[in-house]
Amino acid sequence: MPGEKRTGVPASPGRAAGPVVHMPPRVLEPATNRIQPGAVDRAVEAVREAAVRVERDLAERAGRASRTAADILAVTAAMAADPTLAADAAHRVRADHLTPERAVWDAAGTVATQLESLGSPMAERARDVRDVRDRIVAALTGAAPPGVPDPGHPFVLVAADLAPADTATLDPATVLAVVTTRGGPTSHTAIIARSLGIPAVVALGEAADLRAGETVLVDGTDGEIVVAPGDDDLSAAGLGEETSAAGTGTTAGPGLVIRRGASIRGTFDGTAATRDGHDIDLVANVADPAEAVAAAEAGARGVGLFRTEFCFLGRGEEPTVAEQVEAYRAVLARFGGRRVVVRTLDAGADKPLRFLTPDHEANPALGVRGIRTAVDHPDVLDRQLEAIALAARAESAEVWVMAPMVSTADETSEFVAACAAHDLTTAGVMIETPAAAIQARWLLADAAFASLGTNDLTQYTMAADRDLAGVAALSTPWQPAVLDLVRVACEGGTVHGRPVGVCGEAAADPLLAPVLVGLGVTSLSMTPRALAGVADALSQVTLEQCRALAASALDKPTARAARAAVRDSRRGFRDVSARRHAL
């Protein structure tokens with residue numbers, strides 16, 4: 001029905017309109033056919049060659065991709081190169097005379113089932129295994145490999161969900177927006193879409209019903225789509241004909257209406273304040289030196305979250321102090337005279353390390369992760385702090401250090417003392433659990449600052465796996481319970497005059513940013529692409545209006561009602577401002 005609105009979960013802010021293109025169907029399950037004994041060796045070799053081709057293709061694409069995408073592609077390539085899958089498939093060919101494609105299918109199924117039996121987050125790897133399976137089977141059968149389609153014009157990509165390797169190949173030049181039936185606001189799809197500036201709506205159950213070629217308007221800020229939008233719909237979304245300048249709206253051909261929301265990326269000058277001059281630190285999340293370059297070029301005032309896992313992941317042993325120093329200096333060097341908040345190693349859960357974390361845990365998300373690994377391995381933390389201190393002395397950045405997954409005052413005081421032993425005098429904590437938020441006044445008696453990791457805080461508050469589609473509606477920082485914990489944490493900081501920032505995905509939401517400021521947040525750390533949009537949103541409201549927005553959100557019973565109340569109030573503020581300006 002023209003103009004019909006459908007609501008999912010907002011995953012990446014922005015608006016765009018264009019024709020629907022569906023992800024191609026998954027590779028079909030091969031029939032259980034047998035081969036002749038004389039063809040066994042040839043079939044085994046075919047399996048090996050197909051796995052090698054898939055691994056090389058993924059590795060080549062990783063080399064061309066941005067860092068986050070490259071990491072995901074590299075992990076998928078490593079799965080394709082893992083000899084375990086090919087060896088199991090070869091065994092099935094030799095023992096049961098299965099065709100190569102059927103042997104690969106069955107071998108991958110066994111691995112995926114084993115991963116799913118381990119529970120989250122290892123269960124999420126099962127999807128990656130099936131993605132590799134499909135690529136190898138396609139290589140064996142000559143079928144079209146899975147991947148993002150290329151219709152020859154910009155489009156809105158619609159899918160049940162996207163495998164990490166597919167998400168990593170999204171091209172913002174052609175993919176106007178993404179709509180999925182599954183996934184959550186902190187899934188790979190959502191995170192990469194945000195990093196690329198692609199609007200996205202996830203957990204939209206009716207997405208599969210969208211017809212290929214029909215125009216849809218995607219509002220990734222509010223989590224809505226409009227089917228066959230009219231001119232009024234497009235204009236109301238800021239996608240009217242006036243946006244048809246180069247790089248925004250275009251028409252790809254007869255009957256194809258394509259609109260991109262105007263981007264203000266690149267206009268951020270490093271400063272951000274409310275309309276009445278209340279200053280807010282807008283800083284960047286970075287995961288490696290390449291992202292540090294992007295953050296510096298985007299004008300970030302500093303780094304609010306420097307993830308140090310990049311020099312630990314994928315290794316069988318701990319990197320040396322010298323290796324760590326070199327890696328950290330490459331990031332610090334980009335921010336001379338500016339603050340860089342270094343998070344110590346956040347291993348465990350979805351980032352297991354063989355030399356540090358347990359091999360098997362019934363529920364890794366509630367297990368040994370973050371600062372908890374220091375209980376059995378204090379030497380690893382000590383060497384990392386030594387490396388951070390050496391890197392800090394060699395560069396001119398203002399280095400702060402914080403520990404992940406802190407839950408108690410004892411953990412806080414022990415971490416602060418460990419930092420002090422290395423002359424790291426500004427030590428803080430991540431607030432990612434309800435316990436830490438509620439006890440913030442005690443944690444911040446010792447810690448110099450706190451940073452709210454809203455992804456995990458939401459997960460633990462709502463008892464909702466952040467990667468599970470079935471609870472995606474719960475996995476939003478707009479939940480009033482989550483916002484109330486943000487308020488409590490900020491009040492705990494006020495008691496001791498400590499700054500409390502946000503470094504989770506919530507910081508990148510232009511609609512939510514004023515609410516966070518109204519709750520008492522002093523800094524917002526985000527993907528560099530979001531800096532300009534958040535700065536613009538803050539400049540349109542006063543501090544008192546931020547507080548009013550926060551109170552309005554807290555006064556609502558549901559996340560949807562909280563978002564709607566803030567959205568309506570923001571519109572009211574703009575209308576009043578416009579009338580005053582006219583007078």
# chains A, B, ... in the order shown; residues from 1 in each chain; ligands from 1
call {"tool": "residues_around", "arguments": {"residues": "Val137 in chain A", "least_positions_apart": "4", "cutoff": "12 Å", "atoms": "only C-alpha atoms", "output": "PyMOL selection string"}}
result
chain A and resi 26-31+46-51+53-54+80+86+89+99-108+130-133+141-146
call {"tool": "write_last_selection", "arguments": {"atoms": "C-alpha atoms", "output": "CSV table (one decimal), in the first residue's frame"}}
result
chain,number,residue,atom,x,y,z
A,26,ARG,CA,21.4,-18.9,0.0
A,27,VAL,CA,23.1,-21.7,-1.8
A,28,LEU,CA,20.8,-24.7,-1.9
A,29,GLU,CA,21.5,-27.8,0.1
A,30,PRO,CA,23.1,-30.4,-2.2
A,31,ALA,CA,21.4,-33.7,-2.8
A,46,ALA,CA,38.3,-30.5,-5.5
A,47,VAL,CA,37.3,-29.7,-1.9
A,48,ARG,CA,40.8,-28.5,-1.1
A,49,GLU,CA,41.0,-26.3,-4.2
A,50,ALA,CA,37.6,-24.8,-3.5
A,51,ALA,CA,38.5,-23.9,0.1
A,53,ARG,CA,39.9,-20.2,-3.7
A,54,VAL,CA,37.4,-19.0,-1.2
A,80,ALA,CA,37.8,-21.1,5.1
A,86,ALA,CA,38.3,-29.6,4.7
A,89,ALA,CA,34.8,-33.2,4.3
A,99,THR,CA,30.0,-35.8,-3.6
A,100,PRO,CA,32.4,-32.9,-2.6
A,101,GLU,CA,29.6,-30.4,-2.1
A,102,ARG,CA,27.6,-32.8,0.1
A,103,ALA,CA,30.6,-33.7,2.1
A,104,VAL,CA,31.4,-30.0,2.8
A,105,TRP,CA,27.8,-29.3,3.7
A,106,ASP,CA,27.6,-32.1,6.2
A,107,ALA,CA,31.0,-31.3,7.7
A,108,ALA,CA,30.1,-27.6,8.2
A,130,ARG,CA,27.6,-21.6,7.2
A,131,ASP,CA,28.7,-18.6,5.2
A,132,VAL,CA,32.0,-20.3,4.5
A,133,ARG,CA,30.2,-23.5,3.7
A,141,THR,CA,29.0,-26.4,-8.1
A,142,GLY,CA,29.6,-23.3,-10.2
A,143,ALA,CA,26.6,-21.5,-8.5
A,144,ALA,CA,26.7,-17.8,-7.8
A,145,PRO,CA,28.5,-17.2,-4.5
A,146,PRO,CA,26.6,-15.4,-1.7
call {"tool": "select_by_dssp", "arguments": {"residues": "range 181-394 of chain A", "states": "strand (DSSP E or B)", "output": "PyMOL selection string"}}
result
chain A and resi 200-202+215-219+224-227+250-253+256-260+273+279+281-286+303-307+339-343+348+351
call {"tool": "atom_distance", "arguments": {"atom1": "CA of Leu531 in chain A", "atom2": "CA of Arg275 in chain A"}}
result
16.6 Å
call {"tool": "residues_around", "arguments": {"residues": "Asp382 in chain A", "least_positions_apart": "5", "cutoff": "12 Å", "atoms": "only C-alpha atoms", "output": "PDB file with C-alpha atoms, in the first residue's frame"}}
result
ATOM      1  CA  THR A 320      55.614  -8.543  23.966  1.00  0.00           C
ATOM      2  CA  VAL A 321      55.797  -5.240  25.794  1.00  0.00           C
ATOM      3  CA  THR A 344      42.925  -2.323  28.882  1.00  0.00           C
ATOM      4  CA  LEU A 345      42.422  -5.702  27.259  1.00  0.00           C
ATOM      5  CA  ILE A 371      39.275  -6.976  34.304  1.00  0.00           C
ATOM      6  CA  THR A 373      41.042 -12.052  33.654  1.00  0.00           C
ATOM      7  CA  ALA A 374      43.548 -10.270  35.913  1.00  0.00           C
ATOM      8  CA  VAL A 375      42.565 -12.485  38.844  1.00  0.00           C
ATOM      9  CA  HIS A 377      46.710 -13.559  35.079  1.00  0.00           C
ATOM     10  CA  ALA A 387      53.536  -0.833  27.699  1.00  0.00           C
ATOM     11  CA  ILE A 388      50.866   1.886  27.946  1.00  0.00           C
ATOM     12  CA  ALA A 389      53.067   3.888  30.319  1.00  0.00           C
ATOM     13  CA  GLU A 414      42.961  -2.575  42.804  1.00  0.00           C
ATOM     14  CA  PHE A 415      43.037  -1.318  39.213  1.00  0.00           C
ATOM     15  CA  ALA A 417      46.642   1.011  42.405  1.00  0.00           C
ATOM     16  CA  ALA A 418      48.020  -1.102  39.538  1.00  0.00           C
ATOM     17  CA  CYS A 419      47.969   1.958  37.267  1.00  0.00           C
ATOM     18  CA  ALA A 420      49.636   4.135  39.905  1.00  0.00           C
ATOM     19  CA  ALA A 421      52.489   1.616  40.143  1.00  0.00           C
ATOM     20  CA  HIS A 422      53.274   2.527  36.523  1.00  0.00           C
ATOM     21  CA  LEU A 424      49.481   6.197  35.132  1.00  0.00           C
TER      22      LEU A 424
END
